[in-house]
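Raw contents of input14.pdb, PDB, C-alpha atoms and all ligand atoms:
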```
MODEL        1
ATOM      1  CA  MET A   1       8.215 -13.282  11.577
ATOM      2  CA  THR A   2       9.640 -12.343  14.955
ATOM      3  CA  LYS A   3       9.152  -8.580  14.718
ATOM      4  CA  LYS A   4       6.790  -6.512  16.823
ATOM      5  CA  ASP A   5       5.929  -3.918  14.138
ATOM      6  CA  LEU A   6       5.461  -3.347  10.424
ATOM      7  CA  LEU A   7       6.944   0.069   9.683
ATOM      8  CA  GLY A   8       8.186  -0.224   6.111
ATOM      9  CA  LEU A   9       9.666  -2.452   3.417
ATOM     10  CA  ARG A  10      12.990  -0.661   3.279
ATOM     11  CA  GLY A  11      15.521  -3.211   4.481
ATOM     12  CA  MET A  12      12.965  -5.982   4.955
ATOM     13  CA  PRO A  13      14.670  -9.256   3.982
ATOM     14  CA  ARG A  14      13.345 -11.210   1.011
ATOM     15  CA  VAL A  15      12.540 -14.201   3.204
ATOM     16  CA  GLU A  16      10.200 -12.057   5.325
ATOM     17  CA  ILE A  17       8.383 -10.655   2.294
ATOM     18  CA  GLU A  18       7.992 -14.204   0.967
ATOM     19  CA  GLU A  19       6.595 -15.349   4.314
ATOM     20  CA  ILE A  20       4.007 -12.537   4.313
ATOM     21  CA  LEU A  21       2.950 -13.209   0.706
ATOM     22  CA  SER A  22       2.666 -16.972   1.243
ATOM     23  CA  THR A  23       0.696 -16.491   4.448
ATOM     24  CA  ALA A  24      -1.609 -14.020   2.643
ATOM     25  CA  ALA A  25      -2.197 -16.509  -0.160
ATOM     26  CA  SER A  26      -3.293 -19.111   2.388
ATOM     27  CA  MET A  27      -5.537 -16.582   4.186
ATOM     28  CA  ARG A  28      -7.661 -16.101   1.052
ATOM     29  CA  GLU A  29      -9.373 -19.408   1.710
ATOM     30  CA  VAL A  30     -11.093 -17.898   4.776
ATOM     31  CA  GLY A  31     -12.761 -15.324   2.533
ATOM     32  CA  ARG A  32     -14.293 -18.089   0.414
ATOM     33  CA  ARG A  33     -16.008 -19.783   3.355
ATOM     34  CA  ARG A  34     -19.690 -19.285   4.103
ATOM     35  CA  ILE A  35     -18.707 -18.112   7.586
ATOM     36  CA  LYS A  36     -15.690 -15.923   6.853
ATOM     37  CA  LYS A  37     -14.080 -16.105  10.266
ATOM     38  CA  VAL A  38     -11.407 -18.047  12.144
ATOM     39  CA  PRO A  39     -10.685 -17.813  15.895
ATOM     40  CA  THR A  40      -6.958 -17.044  15.548
ATOM     41  CA  LEU A  41      -6.950 -13.630  17.266
ATOM     42  CA  ARG A  42      -9.953 -14.102  19.537
ATOM     43  CA  GLY A  43      -9.644 -11.797  22.552
ATOM     44  CA  ARG A  44      -7.032  -9.540  20.911
ATOM     45  CA  LEU A  45      -7.722  -5.819  20.440
ATOM     46  CA  VAL A  46      -6.771  -4.101  17.170
ATOM     47  CA  VAL A  47      -7.119  -0.308  17.029
ATOM     48  CA  THR A  48      -7.197   1.787  13.856
ATOM     49  CA  LEU A  49      -5.944   5.344  14.284
ATOM     50  CA  PHE A  50      -6.323   7.309  11.066
ATOM     51  CA  PHE A  51      -5.243  10.954  10.926
ATOM     52  CA  GLU A  52      -5.824  11.028   7.149
ATOM     53  CA  ASN A  53      -8.745   9.837   5.042
ATOM     54  CA  SER A  54      -8.881   6.281   3.782
ATOM     55  CA  THR A  55     -11.365   3.997   2.087
ATOM     56  CA  ARG A  56      -9.433   0.837   1.218
ATOM     57  CA  THR A  57      -6.710   0.576   3.860
ATOM     58  CA  ARG A  58      -8.855   1.254   6.877
ATOM     59  CA  THR A  59     -11.783  -0.933   5.900
ATOM     60  CA  SER A  60      -9.619  -3.849   4.820
ATOM     61  CA  PHE A  61      -7.521  -3.748   8.002
ATOM     62  CA  GLU A  62     -10.760  -3.734  10.019
ATOM     63  CA  LEU A  63     -12.202  -6.581   7.974
ATOM     64  CA  ALA A  64      -8.946  -8.527   8.256
ATOM     65  CA  ALA A  65      -8.993  -8.172  12.045
ATOM     66  CA  LYS A  66     -12.656  -9.232  12.189
ATOM     67  CA  ARG A  67     -12.003 -12.298  10.003
ATOM     68  CA  LEU A  68      -9.377 -13.331  12.553
ATOM     69  CA  SER A  69     -11.927 -12.727  15.377
ATOM     70  CA  ALA A  70     -10.038  -9.808  16.951
ATOM     71  CA  ASP A  71     -11.980  -6.996  18.610
ATOM     72  CA  THR A  72     -11.634  -3.730  16.681
ATOM     73  CA  LEU A  73     -11.807  -0.127  17.737
ATOM     74  CA  GLY A  74     -11.636   2.780  15.277
ATOM     75  CA  PHE A  75     -10.391   6.302  15.990
ATOM     76  CA  SER A  76     -10.401   9.087  13.420
ATOM     77  CA  VAL A  77      -9.280  12.665  13.790
ATOM     78  CA  SER A  78     -12.706  14.219  13.241
ATOM     79  CA  GLY A  79     -14.435  12.041  15.822
ATOM     80  CA  SER A  80     -11.766  12.004  18.525
ATOM     81  CA  SER A  81     -10.131  14.455  20.916
ATOM     82  CA  THR A  82      -7.279  14.941  18.434
ATOM     83  CA  ALA A  83      -9.625  17.519  16.888
ATOM     84  CA  LYS A  84      -9.441  19.375  20.232
ATOM     85  CA  GLY A  85      -5.647  19.496  20.088
ATOM     86  CA  GLU A  86      -4.599  16.297  21.870
ATOM     87  CA  SER A  87      -1.099  15.250  20.809
ATOM     88  CA  LEU A  88      -0.294  11.976  19.050
ATOM     89  CA  MET A  89       1.604  10.714  22.101
ATOM     90  CA  ASP A  90      -1.215  11.596  24.497
ATOM     91  CA  THR A  91      -3.749   9.932  22.213
ATOM     92  CA  ALA A  92      -1.546   6.832  22.092
ATOM     93  CA  ARG A  93      -1.076   6.813  25.883
ATOM     94  CA  ASN A  94      -4.841   6.844  26.326
ATOM     95  CA  ILE A  95      -5.303   4.032  23.831
ATOM     96  CA  GLU A  96      -2.539   2.094  25.618
ATOM     97  CA  ALA A  97      -4.622   2.335  28.802
ATOM     98  CA  MET A  98      -7.234   0.204  26.976
ATOM     99  CA  SER A  99      -4.645  -2.601  26.478
ATOM    100  CA  PRO A 100      -4.516  -2.871  22.680
ATOM    101  CA  ASP A 101      -2.465  -5.585  21.024
ATOM    102  CA  ALA A 102      -1.942  -3.576  17.831
ATOM    103  CA  ILE A 103      -2.434  -0.060  16.508
ATOM    104  CA  ILE A 104      -2.761   0.571  12.793
ATOM    105  CA  ILE A 105      -1.839   4.180  12.152
ATOM    106  CA  ARG A 106      -2.043   6.527   9.169
ATOM    107  CA  HIS A 107      -0.486   9.928   9.755
ATOM    108  CA  GLY A 108       0.605  12.881   7.627
ATOM    109  CA  CYS A 109       4.044  12.969   9.249
ATOM    110  CA  ALA A 110       6.730  10.569   8.102
ATOM    111  CA  GLY A 111       7.998   8.666  11.119
ATOM    112  CA  ALA A 112       4.840   8.894  13.272
ATOM    113  CA  PRO A 113       4.421   5.066  13.365
ATOM    114  CA  HIS A 114       8.124   4.674  14.218
ATOM    115  CA  LEU A 115       7.680   6.996  17.222
ATOM    116  CA  LEU A 116       4.795   4.891  18.550
ATOM    117  CA  ALA A 117       6.654   1.640  17.895
ATOM    118  CA  ARG A 118       9.627   2.878  19.953
ATOM    119  CA  SER A 119       7.446   4.161  22.763
ATOM    120  CA  PHE A 120       4.824   1.463  23.344
ATOM    121  CA  PRO A 121       4.701  -2.313  23.811
ATOM    122  CA  PHE A 122       1.846  -2.949  21.361
ATOM    123  CA  SER A 123       2.458  -3.775  17.700
ATOM    124  CA  VAL A 124       2.384  -0.810  15.314
ATOM    125  CA  LEU A 125       1.411  -1.238  11.669
ATOM    126  CA  ASN A 126       2.131   1.655   9.325
ATOM    127  CA  ALA A 127      -0.921   2.372   7.149
ATOM    128  CA  GLY A 128       0.847   5.294   5.445
ATOM    129  CA  ASP A 129       3.137   7.931   6.995
ATOM    130  CA  GLY A 130       3.503  11.153   5.060
ATOM    131  CA  ILE A 131       5.551  10.621   1.922
ATOM    132  CA  ASN A 132       7.585   7.850   3.537
ATOM    133  CA  GLU A 133       6.031   4.368   3.215
ATOM    134  CA  HIS A 134       2.772   2.445   2.794
ATOM    135  CA  PRO A 135       4.040  -1.096   3.275
ATOM    136  CA  SER A 136       0.767  -3.036   3.308
ATOM    137  CA  GLN A 137      -0.176  -1.440  -0.044
ATOM    138  CA  ALA A 138       3.075  -2.573  -1.642
ATOM    139  CA  LEU A 139       2.634  -6.071  -0.194
ATOM    140  CA  LEU A 140      -0.847  -6.393  -1.690
ATOM    141  CA  ASP A 141       0.507  -5.064  -4.987
ATOM    142  CA  MET A 142       3.242  -7.708  -4.937
ATOM    143  CA  LEU A 143       0.756 -10.444  -4.063
ATOM    144  CA  THR A 144      -1.369  -9.403  -7.063
ATOM    145  CA  MET A 145       1.632  -9.553  -9.408
ATOM    146  CA  ARG A 146       2.766 -12.865  -7.933
ATOM    147  CA  ASP A 147      -0.708 -14.320  -8.562
ATOM    148  CA  HIS A 148      -0.286 -13.574 -12.276
ATOM    149  CA  TRP A 149       3.409 -14.365 -12.695
ATOM    150  CA  GLY A 150       4.286 -16.920 -10.031
ATOM    151  CA  SER A 151       7.442 -14.964  -9.182
ATOM    152  CA  LEU A 152       8.553 -11.331  -9.246
ATOM    153  CA  GLU A 153      12.135 -12.258 -10.142
ATOM    154  CA  GLY A 154      13.236 -10.715 -13.449
ATOM    155  CA  ARG A 155       9.981  -8.832 -14.035
ATOM    156  CA  THR A 156       9.848  -5.133 -14.951
ATOM    157  CA  VAL A 157       7.434  -2.835 -13.150
ATOM    158  CA  ALA A 158       6.878   0.765 -14.282
ATOM    159  CA  ILE A 159       5.613   3.260 -11.718
ATOM    160  CA  VAL A 160       4.241   6.429 -13.289
ATOM    161  CA  GLY A 161       3.301   9.724 -11.666
ATOM    162  CA  ASP A 162       4.222  11.680  -8.579
ATOM    163  CA  ILE A 163       7.052   9.426  -7.453
ATOM    164  CA  GLN A 164       8.523  12.083  -5.193
ATOM    165  CA  HIS A 165       5.499  12.414  -2.923
ATOM    166  CA  SER A 166       4.262   8.827  -3.112
ATOM    167  CA  ARG A 167       4.575   6.485  -0.149
ATOM    168  CA  VAL A 168       3.095   3.762  -2.355
ATOM    169  CA  ALA A 169       5.941   4.195  -4.853
ATOM    170  CA  ARG A 170       8.592   4.189  -2.135
ATOM    171  CA  SER A 171       7.358   0.967  -0.508
ATOM    172  CA  ASN A 172       6.947  -0.721  -3.886
ATOM    173  CA  ILE A 173      10.453   0.282  -4.965
ATOM    174  CA  HIS A 174      11.945  -1.261  -1.826
ATOM    175  CA  GLY A 175       9.802  -4.387  -1.933
ATOM    176  CA  LEU A 176       9.959  -5.092  -5.657
ATOM    177  CA  THR A 177      13.710  -4.659  -5.952
ATOM    178  CA  THR A 178      14.272  -6.902  -2.904
ATOM    179  CA  MET A 179      12.192  -9.539  -4.695
ATOM    180  CA  GLY A 180      14.327  -9.316  -7.835
ATOM    181  CA  ALA A 181      12.154  -7.096 -10.040
ATOM    182  CA  LYS A 182      13.408  -4.107 -12.030
ATOM    183  CA  VAL A 183      11.609  -0.826 -11.338
ATOM    184  CA  LEU A 184      11.268   1.965 -13.914
ATOM    185  CA  VAL A 185       9.863   5.310 -12.816
ATOM    186  CA  ALA A 186       8.454   8.110 -14.956
ATOM    187  CA  GLY A 187       6.952  11.413 -13.937
ATOM    188  CA  PRO A 188       7.204  15.178 -14.364
ATOM    189  CA  GLY A 189      10.560  16.634 -13.332
ATOM    190  CA  THR A 190       8.944  18.319 -10.328
ATOM    191  CA  MET A 191       7.647  14.954  -9.104
ATOM    192  CA  CYS A 192      10.613  12.767  -9.897
ATOM    193  CA  ARG A 193      13.723  14.621  -8.784
ATOM    194  CA  SER A 194      17.257  14.052  -7.582
ATOM    195  CA  GLU A 195      16.127  12.682  -4.229
ATOM    196  CA  LEU A 196      15.342   9.481  -6.142
ATOM    197  CA  SER A 197      18.989   8.983  -6.940
ATOM    198  CA  GLY A 198      19.400   6.987  -3.728
ATOM    199  CA  LEU A 199      16.646   4.553  -4.705
ATOM    200  CA  PRO A 200      17.284   1.463  -6.836
ATOM    201  CA  VAL A 201      15.240   2.593  -9.856
ATOM    202  CA  GLU A 202      15.785   3.566 -13.491
ATOM    203  CA  ARG A 203      14.358   6.978 -14.191
ATOM    204  CA  ARG A 204      12.645   7.712 -17.525
ATOM    205  CA  HIS A 205      10.842  10.852 -18.642
ATOM    206  CA  THR A 206       7.353  10.210 -19.971
ATOM    207  CA  ILE A 207       5.022   7.256 -19.867
ATOM    208  CA  ASP A 208       5.914   6.538 -23.508
ATOM    209  CA  ASP A 209       9.458   5.706 -22.343
ATOM    210  CA  VAL A 210       8.242   2.834 -20.126
ATOM    211  CA  VAL A 211       4.980   1.558 -21.558
ATOM    212  CA  GLY A 212       6.416  -0.973 -24.015
ATOM    213  CA  GLU A 213       8.951  -2.430 -21.595
ATOM    214  CA  ALA A 214       6.857  -3.160 -18.532
ATOM    215  CA  ASP A 215       5.199  -6.344 -17.297
ATOM    216  CA  ALA A 216       3.078  -4.157 -15.005
ATOM    217  CA  ILE A 217       2.260  -0.452 -15.178
ATOM    218  CA  MET A 218       1.405   1.062 -11.820
ATOM    219  CA  MET A 219      -0.304   4.438 -12.149
ATOM    220  CA  LEU A 220      -0.184   6.759  -9.147
ATOM    221  CA  ARG A 221      -2.924   9.096  -8.054
ATOM    222  CA  ILE A 222      -2.306  12.702  -8.925
ATOM    223  CA  GLN A 223      -2.949  14.741  -5.845
ATOM    224  CA  ARG A 224      -5.383  17.332  -7.142
ATOM    225  CA  GLU A 225      -4.140  19.904  -4.667
ATOM    226  CA  ARG A 226      -0.909  19.996  -6.699
ATOM    227  CA  LEU A 227      -2.708  20.835  -9.945
ATOM    228  CA  GLY A 228      -2.466  24.429 -11.133
ATOM    229  CA  ARG A 229       0.595  25.048  -8.977
ATOM    230  CA  ALA A 230       4.208  25.196 -10.046
ATOM    231  CA  VAL A 231       4.651  21.416  -9.812
ATOM    232  CA  LEU A 232       1.930  20.621 -12.356
ATOM    233  CA  PRO A 233       0.302  23.076 -14.769
ATOM    234  CA  SER A 234      -3.010  21.315 -15.492
ATOM    235  CA  ALA A 235      -4.825  17.986 -15.468
ATOM    236  CA  ARG A 236      -5.084  18.076 -19.270
ATOM    237  CA  GLU A 237      -1.324  18.533 -19.674
ATOM    238  CA  TYR A 238      -0.628  15.779 -17.152
ATOM    239  CA  ALA A 239      -2.940  13.372 -18.981
ATOM    240  CA  ALA A 240      -1.240  14.192 -22.297
ATOM    241  CA  PHE A 241       2.273  13.287 -21.082
ATOM    242  CA  TYR A 242       1.662  10.806 -18.270
ATOM    243  CA  GLY A 243      -1.891   9.461 -18.496
ATOM    244  CA  LEU A 244      -2.545   5.828 -19.411
ATOM    245  CA  ASP A 245      -5.214   5.789 -22.125
ATOM    246  CA  LEU A 246      -6.238   3.061 -24.576
ATOM    247  CA  GLU A 247      -3.931   4.329 -27.301
ATOM    248  CA  ARG A 248      -0.915   3.957 -24.999
ATOM    249  CA  LEU A 249      -2.124   0.653 -23.595
ATOM    250  CA  ASN A 250      -2.199  -0.723 -27.136
ATOM    251  CA  ARG A 251       1.570  -0.153 -27.286
ATOM    252  CA  ALA A 252       2.155  -2.153 -24.105
ATOM    253  CA  ARG A 253       2.863  -5.881 -23.879
ATOM    254  CA  PRO A 254      -0.373  -7.789 -24.528
ATOM    255  CA  GLU A 255      -0.270  -9.447 -21.106
ATOM    256  CA  VAL A 256       0.645  -6.267 -19.154
ATOM    257  CA  LEU A 257      -1.015  -5.708 -15.778
ATOM    258  CA  VAL A 258      -2.555  -2.278 -15.152
ATOM    259  CA  MET A 259      -2.456  -1.326 -11.479
ATOM    260  CA  HIS A 260      -3.509   1.624  -9.346
ATOM    261  CA  PRO A 261      -3.591   1.878  -5.535
ATOM    262  CA  GLY A 262      -6.700   4.085  -5.601
ATOM    263  CA  PRO A 263      -8.415   6.437  -5.300
ATOM    264  CA  ILE A 264      -8.481   6.964  -9.076
ATOM    265  CA  ASN A 265      -8.751  10.245 -10.958
ATOM    266  CA  ARG A 266     -10.454   8.977 -14.111
ATOM    267  CA  GLY A 267      -9.348  10.884 -17.170
ATOM    268  CA  VAL A 268      -6.250  12.285 -15.463
ATOM    269  CA  GLU A 269      -3.697   9.567 -14.671
ATOM    270  CA  ILE A 270      -5.819   6.747 -16.099
ATOM    271  CA  GLY A 271      -8.615   6.570 -18.661
ATOM    272  CA  ALA A 272     -11.910   5.060 -17.536
ATOM    273  CA  GLU A 273     -11.740   2.462 -20.325
ATOM    274  CA  VAL A 274      -8.294   1.362 -19.083
ATOM    275  CA  ALA A 275      -9.247   1.333 -15.394
ATOM    276  CA  ASP A 276     -12.260  -0.857 -16.186
ATOM    277  CA  GLY A 277     -10.599  -2.796 -19.012
ATOM    278  CA  GLU A 278      -9.441  -6.381 -19.220
ATOM    279  CA  ARG A 279      -5.786  -5.643 -18.317
ATOM    280  CA  SER A 280      -6.813  -3.865 -15.107
ATOM    281  CA  VAL A 281      -6.200  -5.708 -11.819
ATOM    282  CA  ILE A 282      -7.244  -2.755  -9.662
ATOM    283  CA  LEU A 283     -10.081  -4.559  -7.892
ATOM    284  CA  GLU A 284      -7.928  -7.686  -7.455
ATOM    285  CA  GLN A 285      -5.536  -5.395  -5.555
ATOM    286  CA  VAL A 286      -8.377  -4.382  -3.221
ATOM    287  CA  THR A 287      -9.413  -7.993  -2.589
ATOM    288  CA  ASN A 288      -5.804  -8.991  -1.945
ATOM    289  CA  GLY A 289      -5.563  -6.174   0.596
ATOM    290  CA  ILE A 290      -7.747  -8.141   3.006
ATOM    291  CA  ALA A 291      -5.597 -11.283   2.757
ATOM    292  CA  VAL A 292      -2.332  -9.356   3.135
ATOM    293  CA  ARG A 293      -3.613  -7.510   6.185
ATOM    294  CA  MET A 294      -4.890 -10.766   7.728
ATOM    295  CA  ALA A 295      -1.412 -12.212   7.180
ATOM    296  CA  LEU A 296       0.258  -9.196   8.810
ATOM    297  CA  LEU A 297      -1.977  -9.341  11.882
ATOM    298  CA  PHE A 298      -1.565 -13.106  12.111
ATOM    299  CA  LEU A 299       2.224 -12.973  11.833
ATOM    300  CA  LEU A 300       2.681 -10.031  14.183
ATOM    301  CA  LEU A 301       0.117 -10.987  16.832
ATOM    302  CA  GLY A 302      -0.736 -14.622  16.581
ATOM    303  CA  GLY A 303       1.795 -16.505  14.536
ATOM    304  CA  ARG A 304       4.380 -17.192  17.192
ATOM    305  CA  GLU A 305       2.581 -16.752  20.469
ATOM    306  CA  GLY A 306       0.455 -19.798  20.781
ATOM    307  CA  GLY A 307      -2.421 -18.295  18.798
ATOM    308  CA  GLU A 308      -4.770 -20.817  17.260
ATOM    309  CA  ASP A 309      -4.046 -21.765  13.677
ATOM    310  CA  ALA A 310      -6.113 -20.191  10.912
TER
HETATM  311  N1  LIG B   1      -4.492   2.788  -1.517
HETATM  312  C1  LIG B   1      -4.901   3.442  -0.414
HETATM  313  O1  LIG B   1      -4.140   3.679   0.525
HETATM  314  O2  LIG B   1      -6.219   3.778  -0.431
HETATM  315  P1  LIG B   1      -6.976   4.516   0.755
HETATM  316  O3  LIG B   1      -6.388   5.915   0.856
HETATM  317  O4  LIG B   1      -8.428   4.522   0.373
HETATM  318  O5  LIG B   1      -6.723   3.751   2.023
ENDMDL
END
```

Structure rendered as structure tokens:
Amino acid sequence: MTKKDLLGLRGMPRVEIEEILSTAASMREVGRRRIKKVPTLRGRLVVTLFFENSTRTRTSFELAAKRLSADTLGFSVSGSSTAKGESLMDTARNIEAMSPDAIIIRHGCAGAPHLLARSFPFSVLNAGDGINEHPSQALLDMLTMRDHWGSLEGRTVAIVGDIQHSRVARSNIHGLTTMGAKVLVAGPGTMCRSELSGLPVERRHTIDDVVGEADAIMMLRIQRERLGRAVLPSAREYAAFYGLDLERLNRARPEVLVMHPGPINRGVEIGAEVADGERSVILEQVTNGIAVRMALLFLLLGGREGGEDA
């Protein structure tokens, strides 16, 4: 990979996605060692800059950087001068003065990582920008599917929920279709509207329209702040039309993969017995997140610049 940044999967060539997934698969071996560390990025500085909450993405990027021996520095809105009104660009200028090699940013505004990537020499990795993209999540999702299937070519993946506001859905749609998979989407009309017409997906109405056809069913988190408003009447109604419970799972293909990016609303978009059941690969997704993020840091920072091999 010769790029400086990871901003999204839209337009990313298949060969690049394959390189990331193959590199991630080889990175997993480091996690099985007694000493889970290689010197590949020794002396490099990786900064996490999260303007929105995160459990999985932030910790796994930090762990990935540490496993590659990079130094890490974490900024969050509540603990930094952003809370006093400092702008994104001023925050970034101050971090630049500390000579980082990469910034991993999550921001509520679509395009925030792109602005930093254009403005600064360090690598920028998008950890979620508004409703635009969450590329490392889609890459770890694809790695998880590839582990089970060998290839994504010809597979059918159903994404169910708030497609309209989901950066996870958008990145997966771009990545999966580039890799030769078919993507079905289902969600309430208010969450799955005309704006999707430009995306390479087949739109269905309820979960019952996709459940029997899919090799993987990816459930999206319902953003609770939308409940009770015009877009979504109630959690109970959502669960009735779009929730994945055991009764619906029994109508799916026997080997179907159940996926969720987290955090989960048990009993709303997914039943507890499904989330914890034998078809669920949700925790495999989390584990694969470390390997994918190691691969991204390795390829962007160390892969082509004389860094030591992993
Ligand atoms: N999937 C995901 O982005 O989770 P976090 O919000 O916990 O990072």

Residues matched by the PyMOL selection byres (((not hetatm)) within 7 of (chain B and resi 1)), written as a compact mmCIF listing (two decimals) with C-alpha atoms, keeping the file's coordinate frame:
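Wrote part35.txt, looks like this:
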```
# COMPACT_ATOMS: atom_id res chain seq x y z
CA ASN A 53 -8.74 9.84 5.04
CA SER A 54 -8.88 6.28 3.78
CA THR A 55 -11.36 4.00 2.09
CA ARG A 56 -9.43 0.84 1.22
CA THR A 57 -6.71 0.58 3.86
CA ARG A 58 -8.86 1.25 6.88
CA GLN A 137 -0.18 -1.44 -0.04
CA PRO A 261 -3.59 1.88 -5.54
CA GLY A 262 -6.70 4.08 -5.60
CA PRO A 263 -8.41 6.44 -5.30
```

Near segment 298-303 of chain A, counting only C-alpha atoms, which residues have an atom at most 8 Å away, once you skip same-chain residues fewer than 5 positions from it, shown as an mmCIF file with C-alpha atoms, in the coordinates of the input?
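Saved as part.cif:
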```
data_model
loop_
_atom_site.group_PDB
_atom_site.id
_atom_site.type_symbol
_atom_site.label_atom_id
_atom_site.label_comp_id
_atom_site.auth_asym_id
_atom_site.auth_seq_id
_atom_site.Cartn_x
_atom_site.Cartn_y
_atom_site.Cartn_z
ATOM 1 C CA MET A 1 8.215 -13.282 11.577
ATOM 2 C CA THR A 2 9.640 -12.343 14.955
ATOM 3 C CA LYS A 3 9.152 -8.580 14.718
ATOM 4 C CA LYS A 4 6.790 -6.512 16.823
ATOM 5 C CA ASP A 5 5.929 -3.918 14.138
ATOM 6 C CA ILE A 20 4.007 -12.537 4.313
ATOM 7 C CA THR A 40 -6.958 -17.044 15.548
ATOM 8 C CA LEU A 41 -6.950 -13.630 17.266
ATOM 9 C CA LEU A 68 -9.377 -13.331 12.553
ATOM 10 C CA ASP A 101 -2.465 -5.585 21.024
ATOM 11 C CA ALA A 102 -1.942 -3.576 17.831
ATOM 12 C CA SER A 123 2.458 -3.775 17.700
ATOM 13 C CA GLU A 308 -4.770 -20.817 17.260
ATOM 14 C CA ASP A 309 -4.046 -21.765 13.677
#
```

Picked residues, the PyMOL selection byres (((chain A and resi 16) around 12) and not hetatm), as a PyMOL selection string: chain A and resi 1-3+6+9-15+17-23+139+175+178-179+295-296+299-300

Can you spit out the residues from that selection as a PDB file, in the coordinates of the input, using C-alpha atoms?
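Saved result, selection_36.pdb, follows:
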```pdb
ATOM      1  CA  MET A   1       8.215 -13.282  11.577  1.00  0.00           C
ATOM      2  CA  THR A   2       9.640 -12.343  14.955  1.00  0.00           C
ATOM      3  CA  LYS A   3       9.152  -8.580  14.718  1.00  0.00           C
ATOM      4  CA  LEU A   6       5.461  -3.347  10.424  1.00  0.00           C
ATOM      5  CA  LEU A   9       9.666  -2.452   3.417  1.00  0.00           C
ATOM      6  CA  ARG A  10      12.990  -0.661   3.279  1.00  0.00           C
ATOM      7  CA  GLY A  11      15.521  -3.211   4.481  1.00  0.00           C
ATOM      8  CA  MET A  12      12.965  -5.982   4.955  1.00  0.00           C
ATOM      9  CA  PRO A  13      14.670  -9.256   3.982  1.00  0.00           C
ATOM     10  CA  ARG A  14      13.345 -11.210   1.011  1.00  0.00           C
ATOM     11  CA  VAL A  15      12.540 -14.201   3.204  1.00  0.00           C
ATOM     12  CA  ILE A  17       8.383 -10.655   2.294  1.00  0.00           C
ATOM     13  CA  GLU A  18       7.992 -14.204   0.967  1.00  0.00           C
ATOM     14  CA  GLU A  19       6.595 -15.349   4.314  1.00  0.00           C
ATOM     15  CA  ILE A  20       4.007 -12.537   4.313  1.00  0.00           C
ATOM     16  CA  LEU A  21       2.950 -13.209   0.706  1.00  0.00           C
ATOM     17  CA  SER A  22       2.666 -16.972   1.243  1.00  0.00           C
ATOM     18  CA  THR A  23       0.696 -16.491   4.448  1.00  0.00           C
ATOM     19  CA  LEU A 139       2.634  -6.071  -0.194  1.00  0.00           C
ATOM     20  CA  GLY A 175       9.802  -4.387  -1.933  1.00  0.00           C
ATOM     21  CA  THR A 178      14.272  -6.902  -2.904  1.00  0.00           C
ATOM     22  CA  MET A 179      12.192  -9.539  -4.695  1.00  0.00           C
ATOM     23  CA  ALA A 295      -1.412 -12.212   7.180  1.00  0.00           C
ATOM     24  CA  LEU A 296       0.258  -9.196   8.810  1.00  0.00           C
ATOM     25  CA  LEU A 299       2.224 -12.973  11.833  1.00  0.00           C
ATOM     26  CA  LEU A 300       2.681 -10.031  14.183  1.00  0.00           C
TER      27      LEU A 300
END
```

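This file, queried with the PyMOL selection byres (((chain A and resi 163-170) around 7) and not hetatm), gives the residues Gly128, Ile131, Asn132, Glu133, His134, Gln137, Ala138, Ile159, Gly161, Asp162, Ser171, Asn172, Ile173, His174, Gly187, Met191, Cys192 and Arg193 of chain A.
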
Close residues, Asp209 of chain A itself excluded, 12 Å, only C-alpha atoms, min 2 positions apart in chain, as a ChimeraX atom specification: /A:158-160,184-187,202-207,211-214,217,241-242,248,251-252

Report as lines of an AutoDock Vina configuration file the centre and the edge lengths, in Å to one decimal, of the axis-aligned box holding every listed atom of segment 249-257 of chain A, padded by 8 Å on each side.
```
center_x = 0.3
center_y = -4.4
center_z = -21.5
size_x = 21.1
size_y = 26.1
size_z = 27.5
```

Proximity to Glu96 of chain A - best of A:Ser280, A:Thr82, A:Ser119, A:Asn265, all atoms listed in the file: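 Closest to Glu96 of chain A of all the choices is A:Ser119.
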
Neighbour list for segment 155-157 of chain A as a PyMOL selection string, cut-off 6 Å, all atoms listed in the file, skip fewer than 6 positions in-chain: chain A and resi 181-183+214-216

Separation of atom CA of Ala65 of chain A from atom CA of Met218 of chain A in Å: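 Value for the atom CA of Met218 of chain A-atom CA of Ala65 of chain A distance: 27.6 Å.
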
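The gap separating atom CA of Thr287 of chain A from atom CA of Leu140 of chain A is 8.8 Å, in Å to one decimal.
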
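Using only C-alpha atoms, every residue with an atom at most 7 Å from the point (-5.3, 6.6, 14.5) is listed here: Thr48, Leu49, Phe50, Phe51, Phe75, Ser76, Ile104, Ile105 and Arg106 of chain A.
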
Would you put the residues from that selection into a file with C-alpha atoms, as a PDB file, in the coordinates of the input?
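Result written to part26.pdb:
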```pdb
ATOM      1  CA  THR A  48      -7.197   1.787  13.856  1.00  0.00           C
ATOM      2  CA  LEU A  49      -5.944   5.344  14.284  1.00  0.00           C
ATOM      3  CA  PHE A  50      -6.323   7.309  11.066  1.00  0.00           C
ATOM      4  CA  PHE A  51      -5.243  10.954  10.926  1.00  0.00           C
ATOM      5  CA  PHE A  75     -10.391   6.302  15.990  1.00  0.00           C
ATOM      6  CA  SER A  76     -10.401   9.087  13.420  1.00  0.00           C
ATOM      7  CA  ILE A 104      -2.761   0.571  12.793  1.00  0.00           C
ATOM      8  CA  ILE A 105      -1.839   4.180  12.152  1.00  0.00           C
ATOM      9  CA  ARG A 106      -2.043   6.527   9.169  1.00  0.00           C
TER      10      ARG A 106
END
```
